[in-house]
file protein_2.txt (compact mmCIF, C-alpha atoms)
# COMPACT_ATOMS: atom_id res chain seq x y z
CA MET A 7 29.05 15.08 6.23
CA LEU A 8 25.72 16.23 4.81
CA ARG A 9 24.68 12.61 4.48
CA ALA A 10 25.49 11.95 8.13
CA VAL A 11 23.49 15.00 9.21
CA LYS A 12 20.61 13.91 6.99
CA LYS A 13 20.69 10.42 8.48
CA LYS A 14 20.80 11.75 12.03
CA TYR A 15 17.75 13.92 11.60
CA LEU A 16 15.80 11.56 9.39
CA THR A 17 13.78 10.21 12.29
CA ALA A 18 11.47 7.23 11.96
CA ARG A 19 8.48 9.57 12.04
CA LEU A 20 9.83 11.82 9.33
CA LEU A 21 10.76 8.83 7.21
CA SER A 22 7.28 7.40 7.68
CA GLY A 23 5.83 10.74 6.57
CA ILE A 24 7.96 10.75 3.43
CA ILE A 25 7.06 7.16 2.58
CA ARG A 26 3.38 7.86 3.15
CA PHE A 27 3.50 10.93 0.94
CA VAL A 28 5.30 9.08 -1.83
CA MET A 29 3.27 5.89 -1.70
CA GLU A 30 -0.05 7.32 -0.63
CA LYS A 31 -1.54 7.46 -4.08
CA ILE A 32 -1.10 3.82 -5.05
CA VAL A 33 -2.13 2.58 -1.58
CA GLU A 34 -5.21 4.82 -1.48
CA GLN A 35 -6.20 3.74 -4.97
CA GLY A 36 -5.92 0.11 -3.83
CA ILE A 37 -8.05 0.69 -0.72
CA LEU A 38 -10.70 2.57 -2.70
CA TYR A 39 -10.78 -0.29 -5.17
CA ASP A 40 -11.14 -2.87 -2.37
CA PHE A 41 -14.31 -1.16 -1.19
CA TYR A 42 -15.92 0.14 -4.35
CA GLY A 43 -14.23 -1.85 -7.13
CA PRO A 44 -17.28 -4.03 -7.82
CA LEU A 45 -19.19 -0.88 -8.76
CA LEU A 46 -16.91 -0.36 -11.77
CA THR A 47 -17.57 -2.13 -15.06
CA GLN A 48 -15.73 -5.37 -15.82
CA HIS A 49 -13.38 -3.63 -18.25
CA GLN A 50 -12.69 -0.79 -15.83
CA GLN A 51 -11.91 -3.32 -13.09
CA GLU A 52 -9.44 -5.18 -15.27
CA VAL A 53 -7.58 -2.05 -16.35
CA TYR A 54 -7.61 -0.49 -12.89
CA GLU A 55 -6.27 -3.68 -11.31
CA ALA A 56 -3.48 -3.83 -13.87
CA CYS A 57 -2.44 -0.24 -13.18
CA VAL A 58 -2.89 -0.19 -9.40
CA PHE A 59 -2.29 -3.78 -8.23
CA GLU A 60 0.36 -4.70 -10.77
CA ASP A 61 1.89 -1.22 -11.10
CA LEU A 62 1.85 -1.39 -14.92
CA SER A 63 2.75 1.76 -16.80
CA LEU A 64 0.21 3.34 -19.15
CA ALA A 65 2.11 1.95 -22.13
CA GLU A 66 2.19 -1.59 -20.73
CA ALA A 67 -1.50 -1.51 -19.86
CA ALA A 68 -2.27 -0.09 -23.30
CA GLU A 69 -0.39 -2.97 -24.90
CA ARG A 70 -2.11 -5.54 -22.73
CA PHE A 71 -5.62 -4.27 -23.45
CA GLU A 72 -4.87 -3.27 -27.05
CA VAL A 73 -6.00 0.31 -26.64
CA SER A 74 -4.18 3.65 -26.67
CA ARG A 75 -2.22 5.09 -23.74
CA GLN A 76 -4.58 8.03 -23.73
CA ASN A 77 -7.49 5.64 -23.34
CA ILE A 78 -5.88 3.98 -20.31
CA HIS A 79 -4.99 7.36 -18.80
CA ASP A 80 -8.56 8.63 -19.18
CA LEU A 81 -10.04 5.40 -17.83
CA VAL A 82 -7.84 5.41 -14.71
CA LYS A 83 -8.63 9.09 -14.07
CA ARG A 84 -12.34 8.43 -14.51
CA CYS A 85 -12.20 5.43 -12.16
CA ASP A 86 -10.29 7.46 -9.54
CA LYS A 87 -12.95 10.12 -9.71
CA SER A 88 -15.82 7.61 -9.45
CA LEU A 89 -14.23 5.76 -6.53
CA LYS A 90 -13.53 8.98 -4.62
CA ASP A 91 -17.07 10.09 -5.28
CA TYR A 92 -18.46 6.82 -3.86
CA GLU A 93 -16.34 7.30 -0.74
CA LYS A 94 -17.52 10.88 -0.38
CA ARG A 95 -21.14 9.76 -0.53
CA LEU A 96 -20.94 6.49 1.39
CA GLY A 97 -17.92 6.94 3.68
CA LEU A 98 -17.34 3.21 4.08
CA ILE A 99 -13.56 3.57 4.29
CA ALA A 100 -13.72 6.28 6.95
CA ARG A 101 -16.09 4.10 8.97
CA PHE A 102 -13.91 1.04 8.45
CA ARG A 103 -10.87 2.94 9.75
CA GLU A 104 -12.73 4.19 12.82
CA ASN A 105 -13.95 0.68 13.63
CA ARG A 106 -10.50 -0.77 13.10
CA ASP A 107 -9.02 1.83 15.48
CA SER A 108 -11.62 0.91 18.11
CA LEU A 109 -10.89 -2.78 17.75
CA GLU A 110 -7.18 -2.13 17.94
CA SER A 111 -7.57 -0.17 21.16
CA ILE A 112 -9.61 -3.03 22.67
CA ARG A 113 -6.98 -5.51 21.57
CA ASP A 114 -4.17 -3.37 23.01
CA LEU A 115 -5.89 -3.14 26.39
CA LEU A 116 -6.57 -6.87 26.47
CA ALA A 117 -3.00 -7.66 25.44
CA LYS A 118 -1.70 -5.36 28.15
CA ASN A 119 -3.75 -7.26 30.70
CA ARG A 120 -2.59 -10.62 29.41
CA GLU A 121 1.03 -9.65 29.79
CA ALA A 122 0.55 -9.04 33.51
CA ASP A 123 0.24 -11.91 35.96
CA GLY A 124 -3.05 -13.80 36.09
CA SER A 125 -4.37 -12.01 39.17
CA ARG A 126 -4.25 -8.55 37.65
CA LYS A 127 -7.56 -6.79 37.11
CA PHE A 128 -8.39 -3.93 34.76
CA SER A 129 -8.08 -0.46 36.24
CA GLY A 130 -11.04 1.92 36.13
CA ALA A 131 -9.45 3.88 33.28
CA GLU A 132 -8.85 0.72 31.26
CA ILE A 133 -12.45 -0.41 31.73
CA ASN A 134 -13.63 3.03 30.61
CA GLY A 135 -11.40 2.77 27.55
CA LEU A 136 -12.80 -0.65 26.70
CA LEU A 137 -16.39 0.47 27.21
CA GLN A 138 -15.87 3.54 25.03
CA ALA A 139 -14.42 1.43 22.23
CA VAL A 140 -17.21 -1.15 22.49
CA ASP A 141 -19.88 1.58 22.56
CA HIS A 142 -18.37 3.12 19.47
CA LEU A 143 -18.54 -0.20 17.65
CA LEU A 144 -22.11 -0.81 18.78
CA ASP A 145 -23.12 2.62 17.47
CA GLU A 146 -21.60 1.78 14.11
CA ILE A 147 -23.42 -1.53 13.64
CA MET B 6 14.10 -1.97 -21.63
CA ALA B 7 12.05 -5.07 -21.21
CA VAL B 8 12.83 -5.89 -17.60
CA LYS B 9 11.01 -3.82 -15.02
CA MET B 10 11.15 -3.51 -11.26
CA ARG B 11 7.64 -2.94 -10.03
CA LEU B 12 5.30 -3.25 -7.08
CA THR B 13 2.81 -6.05 -7.00
CA ARG B 14 0.02 -6.13 -4.53
CA MET B 15 -0.38 -9.05 -2.15
CA GLY B 16 -2.06 -9.35 1.22
CA LYS B 17 -5.70 -9.43 2.10
CA LYS B 18 -8.54 -7.26 0.94
CA LYS B 19 -8.49 -3.98 2.87
CA LYS B 20 -5.05 -4.87 4.23
CA PRO B 21 -2.64 -4.36 1.37
CA GLN B 22 0.95 -5.46 1.28
CA TYR B 23 3.27 -5.11 -1.65
CA ARG B 24 6.16 -7.07 -3.05
CA ILE B 25 8.83 -5.39 -5.09
CA VAL B 26 9.49 -7.69 -7.99
CA VAL B 27 11.46 -7.90 -11.19
CA ALA B 28 9.41 -8.92 -14.21
CA ASP B 29 9.64 -8.90 -17.98
CA SER B 30 7.39 -6.12 -19.25
CA ARG B 31 6.78 -8.02 -22.50
CA ASN B 32 5.20 -10.78 -20.44
CA ALA B 33 3.08 -8.41 -18.36
CA ARG B 34 0.04 -10.37 -19.50
CA ASP B 35 0.91 -13.59 -17.66
CA GLY B 36 2.11 -11.84 -14.48
CA LYS B 37 5.25 -13.99 -14.28
CA VAL B 38 7.87 -12.72 -11.88
CA ILE B 39 11.60 -13.20 -12.45
CA ASP B 40 12.78 -12.28 -8.96
CA GLU B 41 11.58 -10.74 -5.71
CA VAL B 42 13.78 -7.97 -4.34
CA GLY B 43 11.81 -6.46 -1.48
CA THR B 44 8.57 -5.70 0.32
CA TYR B 45 6.54 -2.65 1.26
CA ASP B 46 4.03 -2.70 4.10
CA PRO B 47 1.77 0.35 4.46
CA ASN B 48 -0.12 -1.16 7.44
CA THR B 49 2.59 -0.72 10.04
CA THR B 50 3.22 2.56 11.85
CA PRO B 51 5.57 3.79 10.50
CA SER B 52 5.13 2.14 7.10
CA THR B 53 8.06 -0.10 6.32
CA PHE B 54 9.89 -1.22 3.25
CA LYS B 55 12.71 -3.67 2.82
CA PHE B 56 15.07 -4.24 -0.06
CA ASP B 57 17.46 -7.10 -0.64
CA GLU B 58 20.19 -4.62 -1.47
CA GLU B 59 22.48 -7.05 -3.23
CA LYS B 60 19.77 -8.42 -5.52
CA THR B 61 18.34 -4.96 -6.18
CA LYS B 62 21.71 -3.53 -7.19
CA LYS B 63 22.37 -6.53 -9.38
CA TRP B 64 19.11 -6.08 -11.26
CA LEU B 65 19.56 -2.34 -11.61
CA ALA B 66 23.05 -2.90 -12.97
CA ASN B 67 21.61 -5.41 -15.42
CA GLY B 68 19.27 -2.74 -16.77
CA ALA B 69 16.02 -3.34 -14.88
CA GLN B 70 13.91 -0.19 -15.03
CA PRO B 71 12.11 0.72 -11.78
CA THR B 72 8.59 2.09 -12.07
CA GLU B 73 7.93 5.56 -10.71
CA THR B 74 6.76 4.25 -7.33
CA VAL B 75 9.62 1.78 -6.92
CA GLY B 76 12.03 4.51 -8.03
CA LYS B 77 10.88 6.66 -5.14
CA LEU B 78 11.34 3.82 -2.67
CA LEU B 79 14.81 3.17 -4.04
CA LYS B 80 15.68 6.81 -3.51
CA LEU B 81 14.46 6.61 0.10
CA ALA B 82 16.50 3.46 0.61
CA ASN B 83 19.56 5.20 -0.91
CA ILE B 84 20.01 2.43 -3.44
CA GLU B 85 21.62 3.30 -6.73
CA LYS B 86 23.10 1.24 -9.49

call {"tool": "encode", "arguments": {"input": "protein_2.txt", "output": "structure tokens"}}
result
Amino acid sequence: MLRAVKKKYLTARLLSGIIRFVMEKIVEQGILYDFYGPLLTQHQQEVYEACVFEDLSLAEAAERFEVSRQNIHDLVKRCDKSLKDYEKRLGLIARFRENRDSLESIRDLLAKNREADGSRKFSGAEINGLLQAVDHLLDEI
Amino acid sequence: MAVKMRLTRMGKKKKPQYRIVVADSRNARDGKVIDEVGTYDPNTTPSTFKFDEEKTKKWLANGAQPTETVGKLLKLANIEK
């Protein structure tokens, strides 16, 4: 009974929220590494990739790199801190996300137009939406 | 406890996608995968994950240990041994 109630109220949005909360850390670490990874040392990059991209436990990474678990733990923490600090100072990820959102809105409007018959023209609101998105991208360049 | 069920990152740079794989933890060095049991895509709204339930249950019953992250996904998917 409880399970059925749970299922009924576990909407897609709620489920998405739970997944995001649970998985956020490893995904965020991966994105931070995509942008700022090259700023880490070679050794830091190798260990961080093993822990974040391959999901190795501290013990497994320690065995692979022949160091202690504590060493791996400290290194990952230090890398997390450095990467977050780079993002705080440079904001490349925030800018990337804004630009991606703008491009997606342009794409959505164009796709909407393509779905209609060939004679359809953009409405005033759609043109404004496109112009806003393009202006935003131009400002960011 | 040598066989693990873990995430492995695929996809493009800045557009991550994950596979949920079964691998021998003693061979973590060579990155060899024994089986693929699902996927996780954080790029979609809402984020989506998929498990091959039959394979997943089989591996769990055979003693594969999920990592913390995969364990959480399994819980969300209501998959137990």

call {"tool": "atom_distance", "arguments": {"input": "protein_2.txt", "atom1": "atom CA of Leu115 of chain A", "atom2": "atom CA of Ala131 of chain A"}}
result
10.5 Å

call {"tool": "atom_distance", "arguments": {"input": "protein_2.txt", "atom1": "atom CA of Leu98 of chain A", "atom2": "atom CA of Tyr42 of chain A"}}
result
9.1 Å

call {"tool": "closest_atom_pairs", "arguments": {"input": "protein_2.txt", "of": "chain B", "to": "segment 50-66 of chain A", "cutoff": "9 Å", "atoms": "all atoms listed in the file", "output": "Markdown table"}}
result
| residue | atom | partner | partner_atom | distance |
| --- | --- | --- | --- | --- |
| B:Arg11 | CA | A:Asp61 | CA | 6.1 |
| B:Leu12 | CA | A:Asp61 | CA | 5.6 |
| B:Thr13 | CA | A:Glu60 | CA | 4.7 |
| B:Arg14 | CA | A:Phe59 | CA | 5.0 |
| B:Met15 | CA | A:Phe59 | CA | 8.3 |
| B:Tyr23 | CA | A:Phe59 | CA | 8.7 |
| B:Ser30 | CA | A:Glu66 | CA | 7.1 |
| B:Arg31 | CA | A:Glu66 | CA | 8.1 |
| B:Ala33 | CA | A:Glu66 | CA | 7.3 |
| B:Gly36 | CA | A:Glu60 | CA | 8.2 |
| B:Thr72 | CA | A:Ser63 | CA | 7.5 |
| B:Glu73 | CA | A:Ser63 | CA | 8.9 |
| B:Thr74 | CA | A:Asp61 | CA | 8.2 |

call {"tool": "write_last_selection", "arguments": {"input": "protein_2.txt", "atoms": "C-alpha atoms", "output": "compact mmCIF listing (two decimals), in the frame of the given file"}}
result
# COMPACT_ATOMS: atom_id res chain seq x y z
CA ARG B 11 7.64 -2.94 -10.03
CA LEU B 12 5.30 -3.25 -7.08
CA THR B 13 2.81 -6.05 -7.00
CA ARG B 14 0.02 -6.13 -4.53
CA MET B 15 -0.38 -9.05 -2.15
CA TYR B 23 3.27 -5.11 -1.65
CA SER B 30 7.39 -6.12 -19.25
CA ARG B 31 6.78 -8.02 -22.50
CA ALA B 33 3.08 -8.41 -18.36
CA GLY B 36 2.11 -11.84 -14.48
CA THR B 72 8.59 2.09 -12.07
CA GLU B 73 7.93 5.56 -10.71
CA THR B 74 6.76 4.25 -7.33

call {"tool": "residues_near_point", "arguments": {"input": "protein_2.txt", "point": "(13.5, 0.4, -17.3)", "cutoff": "9 Å", "atoms": "all atoms listed in the file", "output": "PyMOL selection string"}}
result
chain B and resi 6-10+65+68-72

call {"tool": "closest_residue", "arguments": {"input": "protein_2.txt", "among": "B:Ser52, B:Gly16, B:Trp64, B:Arg24", "to": "chain A", "atoms": "all atoms listed in the file"}}
result
B:Ser52

call {"tool": "build_atoms", "arguments": {"input": "protein_2.txt", "residues": "segment 65-86 of chain B", "atoms": "N, CA and C atoms", "output": "mmCIF file, in the frame of the given file"}}
result
data_model
loop_
_atom_site.group_PDB
_atom_site.id
_atom_site.type_symbol
_atom_site.label_atom_id
_atom_site.label_comp_id
_atom_site.auth_asym_id
_atom_site.auth_seq_id
_atom_site.Cartn_x
_atom_site.Cartn_y
_atom_site.Cartn_z
ATOM 1 N N LEU B 65 19.446 -3.698 -11.058
ATOM 2 C CA LEU B 65 19.560 -2.340 -11.610
ATOM 3 C C LEU B 65 20.765 -2.257 -12.545
ATOM 4 N N ALA B 66 21.851 -2.905 -12.133
ATOM 5 C CA ALA B 66 23.050 -2.900 -12.970
ATOM 6 C C ALA B 66 22.807 -3.648 -14.277
ATOM 7 N N ASN B 67 21.908 -4.637 -14.216
ATOM 8 C CA ASN B 67 21.610 -5.410 -15.420
ATOM 9 C C ASN B 67 20.566 -4.720 -16.306
ATOM 10 N N GLY B 68 20.150 -3.528 -15.894
ATOM 11 C CA GLY B 68 19.270 -2.740 -16.770
ATOM 12 C C GLY B 68 17.798 -2.780 -16.421
ATOM 13 N N ALA B 69 17.438 -3.344 -15.258
ATOM 14 C CA ALA B 69 16.020 -3.340 -14.880
ATOM 15 C C ALA B 69 15.566 -1.895 -14.626
ATOM 16 N N GLN B 70 14.423 -1.553 -15.168
ATOM 17 C CA GLN B 70 13.910 -0.190 -15.030
ATOM 18 C C GLN B 70 12.873 -0.142 -13.914
ATOM 19 N N PRO B 71 13.129 0.628 -12.838
ATOM 20 C CA PRO B 71 12.110 0.720 -11.780
ATOM 21 C C PRO B 71 10.931 1.572 -12.231
ATOM 22 N N THR B 72 9.739 1.230 -11.792
ATOM 23 C CA THR B 72 8.590 2.090 -12.070
ATOM 24 C C THR B 72 8.715 3.329 -11.195
ATOM 25 N N GLU B 73 7.839 4.287 -11.436
ATOM 26 C CA GLU B 73 7.930 5.560 -10.710
ATOM 27 C C GLU B 73 7.870 5.322 -9.189
ATOM 28 N N THR B 74 6.923 4.482 -8.764
ATOM 29 C CA THR B 74 6.760 4.250 -7.330
ATOM 30 C C THR B 74 7.965 3.527 -6.729
ATOM 31 N N VAL B 75 8.445 2.512 -7.435
ATOM 32 C CA VAL B 75 9.620 1.780 -6.920
ATOM 33 C C VAL B 75 10.836 2.700 -6.942
ATOM 34 N N GLY B 76 10.929 3.557 -7.949
ATOM 35 C CA GLY B 76 12.030 4.510 -8.030
ATOM 36 C C GLY B 76 12.092 5.388 -6.795
ATOM 37 N N LYS B 77 10.921 5.804 -6.333
ATOM 38 C CA LYS B 77 10.880 6.660 -5.140
ATOM 39 C C LYS B 77 11.323 5.892 -3.896
ATOM 40 N N LEU B 78 10.900 4.636 -3.811
ATOM 41 C CA LEU B 78 11.340 3.820 -2.670
ATOM 42 C C LEU B 78 12.841 3.595 -2.697
ATOM 43 N N LEU B 79 13.369 3.382 -3.912
ATOM 44 C CA LEU B 79 14.810 3.170 -4.040
ATOM 45 C C LEU B 79 15.576 4.398 -3.572
ATOM 46 N N LYS B 80 15.034 5.567 -3.910
ATOM 47 C CA LYS B 80 15.680 6.810 -3.510
ATOM 48 C C LYS B 80 15.688 6.907 -1.970
ATOM 49 N N LEU B 81 14.532 6.561 -1.373
ATOM 50 C CA LEU B 81 14.460 6.610 0.100
ATOM 51 C C LEU B 81 15.426 5.620 0.734
ATOM 52 N N ALA B 82 15.604 4.479 0.068
ATOM 53 C CA ALA B 82 16.500 3.460 0.610
ATOM 54 C C ALA B 82 17.965 3.743 0.257
ATOM 55 N N ASN B 83 18.191 4.831 -0.501
ATOM 56 C CA ASN B 83 19.560 5.200 -0.910
ATOM 57 C C ASN B 83 20.216 4.105 -1.742
ATOM 58 N N ILE B 84 19.429 3.477 -2.610
ATOM 59 C CA ILE B 84 20.010 2.430 -3.440
ATOM 60 C C ILE B 84 20.162 2.963 -4.862
ATOM 61 N N GLU B 85 21.365 2.908 -5.345
ATOM 62 C CA GLU B 85 21.620 3.300 -6.730
ATOM 63 C C GLU B 85 22.324 2.153 -7.410
ATOM 64 N N LYS B 86 22.447 2.288 -8.712
ATOM 65 C CA LYS B 86 23.100 1.240 -9.490
ATOM 66 C C LYS B 86 24.474 0.892 -8.961
#
